[in-house]
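A quick write-up on the structure given underneath.
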There are 4 protein chains.
Amino acid sequence: MSEAAKNATVSTSALRRQREREQRYQTILTVAETLFSADGYHATSMDKIAQAAEVSVGTLYFYFKNKEDLLVQLLSDIGFRIRELVGSEFSRSDATMEGFEQAGLAFFSQFCVKHPEKITIFFRESVGQGQAVEAARKKIFDKFIGDIVGALERLSKKLGVKFKSGLSAEVMAVSIVGMYERVAYQYLIWHDRSGDLQSVAEDALAFIVGGVKNLCTA
Amino acid sequence: MSEAAKNATVSTSALRRQREREQRYQTILTVAETLFSADGYHATSMDKIAQAAEVSVGTLYFYFKNKEDLLVQLLSDIGFRIRELVGSEFSRSDATMEGFEQAGLAFFSQFCVKHPEKITIFFRESVGQGQAVEAARKKIFDKFIGDIVGALERLSKKLGVKFKSGLSAEVMAVSIVGMYERVAYQYLIWHDRSGDLQSVAEDALAFIVGGVKNLCTA
Amino acid sequence: MSEAAKNATVSTSALRRQREREQRYQTILTVAETLFSADGYHATSMDKIAQAAEVSVGTLYFYFKNKEDLLVQLLSDIGFRIRELVGSEFSRSDATMEGFEQAGLAFFSQFCVKHPEKITIFFRESVGQGQAVEAARKKIFDKFIGDIVGALERLSKKLGVKFKSGLSAEVMAVSIVGMYERVAYQYLIWHDRSGDLQSVAEDALAFIVGGVKNLCTA
Amino acid sequence: MSEAAKNATVSTSALRRQREREQRYQTILTVAETLFSADGYHATSMDKIAQAAEVSVGTLYFYFKNKEDLLVQLLSDIGFRIRELVGSEFSRSDATMEGFEQAGLAFFSQFCVKHPEKITIFFRESVGQGQAVEAARKKIFDKFIGDIVGALERLSKKLGVKFKSGLSAEVMAVSIVGMYERVAYQYLIWHDRSGDLQSVAEDALAFIVGGVKNLCTA
DNA sequence: GATGAATGAGGCTTCATTCAT
DNA sequence: CATGAATGAAGCCTCATTCAT
């Protein structure tokens, strides 16, 4: 075999390996997501995950530092996806009140309906699981809040209005996140009323719009 | 000792015992509250609780069925106290928009500031801890939401307005609870800005008022 | 009240107390018997016994040294009753082969049918429960075996026959006890065929008669 | 290393592992047998077993589901060995009265003398230890009884005799098992008279022969 | 890189027993 | 005598993590 051919082979197999690695990583993550949301983080042992993912426990520890890390990665991934989806809606109809509604609909009518397990992990299974996880949660929530604060500031600039106080934008952002969270929790996790989600979302978004307006002063 | 005296003695000691029992129950509950909120539910072992409460492990199990039960009792107690406080504010200034603000202030400026550990347990440590705890949480949240829905309906009756849809009242209630939750979490658990809480509360409550109004139709 | 009257009163109440004490003792024993045979010795806690007997745990320890003692007393009582019943049949038709059959019938068709719980405790729940209980069991079995050895010796004397070896009488006695035990276990504890017990007993007793005869030499 | 060599190595090490696994399983079983028979099932903690077997507690639970399972496996193993030994004697001298004697001698003079701990576990430590163990015991006893019933039926066919009743064969089998049990218990567990066991066995077997004959009708 | 047997700290819970009232 | 709250040793078991192969 020529050197070139060898290199080609090597790089090909290296690529394949790389691909397989990423695939495995994803498989594990997906399996963990399913189990965590179905059985709970604590009730899911590493053994169970390994079995369901059809790998050995050792392999789990090759891809993830430890069980907590697995949850943190999952969390980050979920956070990233939500921001991607919701954020893109914000920027699409930039700096308008409609942007808020579009973003809300994207979250409720798309994300929640398609990924109830992600919602479960994000809002239930990753809560109260110790410092490392909590730190990761905080980071993601901070970004969300930052996103919304940014949108609110752009909105105020464009509309030429001021908010009640210096804190108002942040408080509104936090409030909106809280609404998202508990509405999803209520109508997805506690009661499976994903069918009502559309009209629920509309009411919730009208609530947000009203809330924001009420904190605006000319 | 005369019979009467004997009876008196007996009933006195019986009463004392009863009192001591309840005191112990409360002591354990309080100690658990402190440890759960400081170290986390899982990081707190029954042994630690026993030591901190200066009783034996056995005594813990005399008063509570198991560790989960301890958390559930704690939860119920916290839920009861919040409803008591917030609910009384609602009824004091009945069926007015101000009632909503009073209730919110009572929650943020009184309860949260006085009982940050209760907030921590209620919104963080009792989440994601298995079915039994989750069921208890749900029950309490359902009551909260019911309280607010009731207040909203009385409000609409008094003001002679209708809400956007049949679900609106519930959605608003859920939203308000979500706001309470995350605002408290943000400014008490994640950042200790209890000093800002007063003005944060004002903004949040203005947000609520605006939201509710926006869902009212003549 | 005259001295005599007082004494009378005192002795009356003393008698009553004595009676009550014995009644309680019996109640506890009976309750324990029921629970031990139904749930097993280990699965029955002192608390359960106390509750079922409607007394406090403390009272249990007034009447019995400890849990083991409770079982030992139960055991002795059962052993005594069996010997009483079976032994009286032996002596009624003294030193005849029929005596063996009468005794067997008394055991199978009377005792077993009437007291399955006693059988369960005697042959199952008191086995493998530590030294003290085992010592008590041994003592009782030794007496049984002694009874039967005695009966066999009187039989051999009356019939003018000798047994195969010096050990024969004891071995036969042990064998007979073993048969009693396992037959009762099989048709009472493992399969509830108390209806068949009569005919089972007949076969078993014919077996014994045959066995004994085969060890007799003129 | 060539592929072939590699494979050989792999399969060798795989085989070695397999061997080591089985060895460990056996070690644990043997250690448990010793401790259970010496100290009693309940007095033997899993920690003690782990220490004596020079493995960790975790390893115990890798090989056995729980403590009960350990006892059940032990029981099954013992039951299997007894049947193997006694059954082979039955078949060697098939369908003769001597077969019964040979089998009995194999049990008393070989098995009991060589494995007193197995006898102790089988007849003492595994009794009264809860449902799961009891179910396992019953299964094994049922097989024993079935074995003997089979032998009796072949005997009756060969000799051209009938038994007293339809139940007779079973009752005889049960009786024989009971005799085996209590004779072993008496002369091995309660009194260490293994020296007398030979002559004890002879008497016991003569008893059996007589018993069986007495239930035969031409 | 993958495997999976082994580890062992540590958790939860039970329960026989005691003793002040 | 009776009560029943309190004790705490001790048991069983889980499970995240490691490491030799």
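Letters for chains follow the order of the structure tokens (A, B, ...), residue numbers begin at 1 for each chain, and ligand numbers begin at 1 in the order shown.
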
| 12 Å contact set for Asp39 of chain B, only C-alpha atoms (C1' of nucleotides), chain neighbours under 4 positions out, as a list in words |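 The neighbour list is Gly128, Gln129, Gly130 and Gln131 of chain A; Val31, Ala32, Glu33, Thr34, Leu35, Ala43, Thr44, Ser45, Lys48, Ile49, Glu117, Thr120, Ile121, Arg124 and Glu125 of chain B.
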
| segment 62-67 of chain C: which residues within 7 Å, counting only C-alpha atoms (C1' of nucleotides), same-chain residues fewer than 4 positions away excluded, as a list in words? | Tyr25, Gly58 and Leu71 of chain C

| task | Name the residues of segment 63-208 of chain C that fall into helix (DSSP H, G or I) according to DSSP on the backbone, using the chain letters and numbers of this document, as number ranges by chain. | result | C: 63, 67-92, 97-114, 116-125, 131-159, 168-190, 194-208

| Counting only C-alpha atoms, which residues from chain C have an atom at most 6 Å from any atom of chain D, and could you show them as a VMD selection string? | chain C and resid 124 to 125 127 to 128 168 175 178 to 179 182 203 207 to 208 210 to 211 214

Can you spit out the residues from that selection as a tab-separated table (two decimals), in the first residue's frame, using N, CA and C atoms?
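That gives us selection-v6.tsv:
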```tsv
chain	number	residue	atom	x	y	z
C	124	ARG	N	-42.39	-25.37	61.72
C	124	ARG	CA	-41.76	-24.44	60.78
C	124	ARG	C	-41.17	-23.20	61.47
C	125	GLU	N	-42.00	-22.45	62.16
C	125	GLU	CA	-41.53	-21.15	62.64
C	125	GLU	C	-40.53	-21.21	63.79
C	127	VAL	N	-38.12	-23.38	63.90
C	127	VAL	CA	-36.89	-24.03	63.42
C	127	VAL	C	-35.94	-22.97	62.91
C	128	GLY	N	-34.68	-23.14	63.17
C	128	GLY	CA	-33.68	-22.22	62.64
C	128	GLY	C	-33.77	-20.83	63.23
C	168	SER	N	-32.56	-49.80	68.41
C	168	SER	CA	-33.76	-49.90	67.59
C	168	SER	C	-34.94	-49.08	68.13
C	175	SER	N	-37.93	-42.11	64.05
C	175	SER	CA	-38.54	-42.25	62.74
C	175	SER	C	-40.01	-41.88	62.77
C	178	GLY	N	-40.41	-38.24	63.00
C	178	GLY	CA	-40.13	-37.64	61.70
C	178	GLY	C	-41.29	-37.78	60.74
C	179	MET	N	-41.92	-38.94	60.77
C	179	MET	CA	-43.07	-39.17	59.91
C	179	MET	C	-44.21	-38.23	60.26
C	182	ARG	N	-43.32	-34.66	59.02
C	182	ARG	CA	-43.36	-34.33	57.60
C	182	ARG	C	-44.73	-34.58	56.97
C	203	ASP	N	-52.81	-44.70	56.26
C	203	ASP	CA	-51.64	-45.24	55.56
C	203	ASP	C	-50.37	-45.07	56.39
C	207	PHE	N	-47.94	-47.92	57.93
C	207	PHE	CA	-46.50	-47.90	57.68
C	207	PHE	C	-45.74	-48.09	58.98
C	208	ILE	N	-46.17	-47.36	59.99
C	208	ILE	CA	-45.50	-47.47	61.29
C	208	ILE	C	-45.60	-48.89	61.85
C	210	GLY	N	-46.06	-51.63	60.30
C	210	GLY	CA	-45.19	-52.51	59.52
C	210	GLY	C	-43.74	-52.32	59.91
C	211	GLY	N	-43.34	-51.07	60.07
C	211	GLY	CA	-41.96	-50.78	60.42
C	211	GLY	C	-41.59	-51.38	61.76
C	214	ASN	N	-41.27	-55.13	61.69
C	214	ASN	CA	-40.08	-55.60	60.98
C	214	ASN	C	-38.82	-55.51	61.83
```

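Across the structure, atom CA of Gln26 of chain C and atom CA of Thr59 of chain C are spaced 12.9 Å apart.
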
| field | Length of the atom CA of Gly87 of chain C to atom CA of Gly195 of chain C vector [Å] | value |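 Computing it gives 24.4 Å between the two atoms.
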
As a short mmCIF file (atom, residue, chain, number, x, y, z; two decimals) with N, CA and C atoms (P, O5', C5', C4', C3', O3' and C1' of nucleotides), in the first residue's frame, could you give me every residue of chain F near chain A (at most 12 Å apart, counting only C-alpha atoms (C1' of nucleotides))?
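To be explicit, this is the file written out as iface.cif:
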```
data_model
loop_
_atom_site.label_atom_id
_atom_site.label_comp_id
_atom_site.auth_asym_id
_atom_site.auth_seq_id
_atom_site.Cartn_x
_atom_site.Cartn_y
_atom_site.Cartn_z
P DT F 14 -30.61 -3.57 46.00
"O5'" DT F 14 -30.12 -2.08 45.69
"C5'" DT F 14 -30.54 -1.04 46.54
"C4'" DT F 14 -29.77 0.19 46.23
"C3'" DT F 14 -29.38 0.36 44.77
"O3'" DT F 14 -29.60 1.72 44.44
"C1'" DT F 14 -27.44 0.45 46.10
P DC F 15 -29.84 2.13 42.98
"O5'" DC F 15 -28.54 2.97 42.68
"C5'" DC F 15 -27.89 3.63 43.77
"C4'" DC F 15 -26.48 3.98 43.36
"C3'" DC F 15 -26.23 3.90 41.86
"O3'" DC F 15 -25.38 4.96 41.50
"C1'" DC F 15 -24.69 2.53 42.96
P DA F 16 -25.66 5.70 40.15
"O5'" DA F 16 -24.42 6.70 40.12
"C5'" DA F 16 -24.19 7.55 41.24
"C4'" DA F 16 -22.72 7.57 41.58
"C3'" DA F 16 -21.79 7.93 40.42
"O3'" DA F 16 -20.76 8.75 40.92
"C1'" DA F 16 -21.22 5.77 41.23
P DT F 17 -19.79 9.43 39.90
"O5'" DT F 17 -18.56 8.43 39.90
"C5'" DT F 17 -17.90 8.17 41.13
"C4'" DT F 17 -16.93 7.02 40.97
"C3'" DT F 17 -15.96 7.11 39.78
"O3'" DT F 17 -14.65 7.19 40.30
"C1'" DT F 17 -16.80 4.92 40.06
P DT F 18 -13.44 7.49 39.37
"O5'" DT F 18 -12.62 6.12 39.43
"C5'" DT F 18 -12.46 5.47 40.68
"C4'" DT F 18 -11.89 4.08 40.49
"C3'" DT F 18 -10.72 3.99 39.50
"O3'" DT F 18 -9.74 3.16 40.08
"C1'" DT F 18 -12.38 2.44 38.90
P DC F 19 -8.23 3.38 39.74
"O5'" DC F 19 -7.84 1.97 39.10
"C5'" DC F 19 -8.43 0.77 39.62
"C4'" DC F 19 -8.27 -0.34 38.60
"C3'" DC F 19 -7.12 -0.15 37.60
"O3'" DC F 19 -6.56 -1.42 37.32
"C1'" DC F 19 -9.11 -0.40 36.42
#
```

| said: Report as a list in words all protein, DNA and RNA residues lying within 12 Å of DA9 of chain F, evaluated on only C-alpha atoms (C1' of nucleotides), omitting residues in the same chain fewer than 5 positions from it. | reply: Ser56, Val57 and Gly58 of chain B; DT14, DC15, DA16 and DT17 of chain E

| Can you list every residue in chain D that DSSP puts in strand (DSSP E), as a list in words? |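 After running DSSP on the backbone, chain D has strand (DSSP E) at Lys162, Phe163, Cys216 and Thr217 of chain D.
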
| Contact set, chain E to chain D: 8 Å, only C-alpha atoms (C1' of nucleotides), as a PyMOL selection string | chain E and resi 6-8

| note | Taken to one decimal, the atom CA of Ala218 of chain D-atom CA of Met97 of chain D distance is 15.9 Å
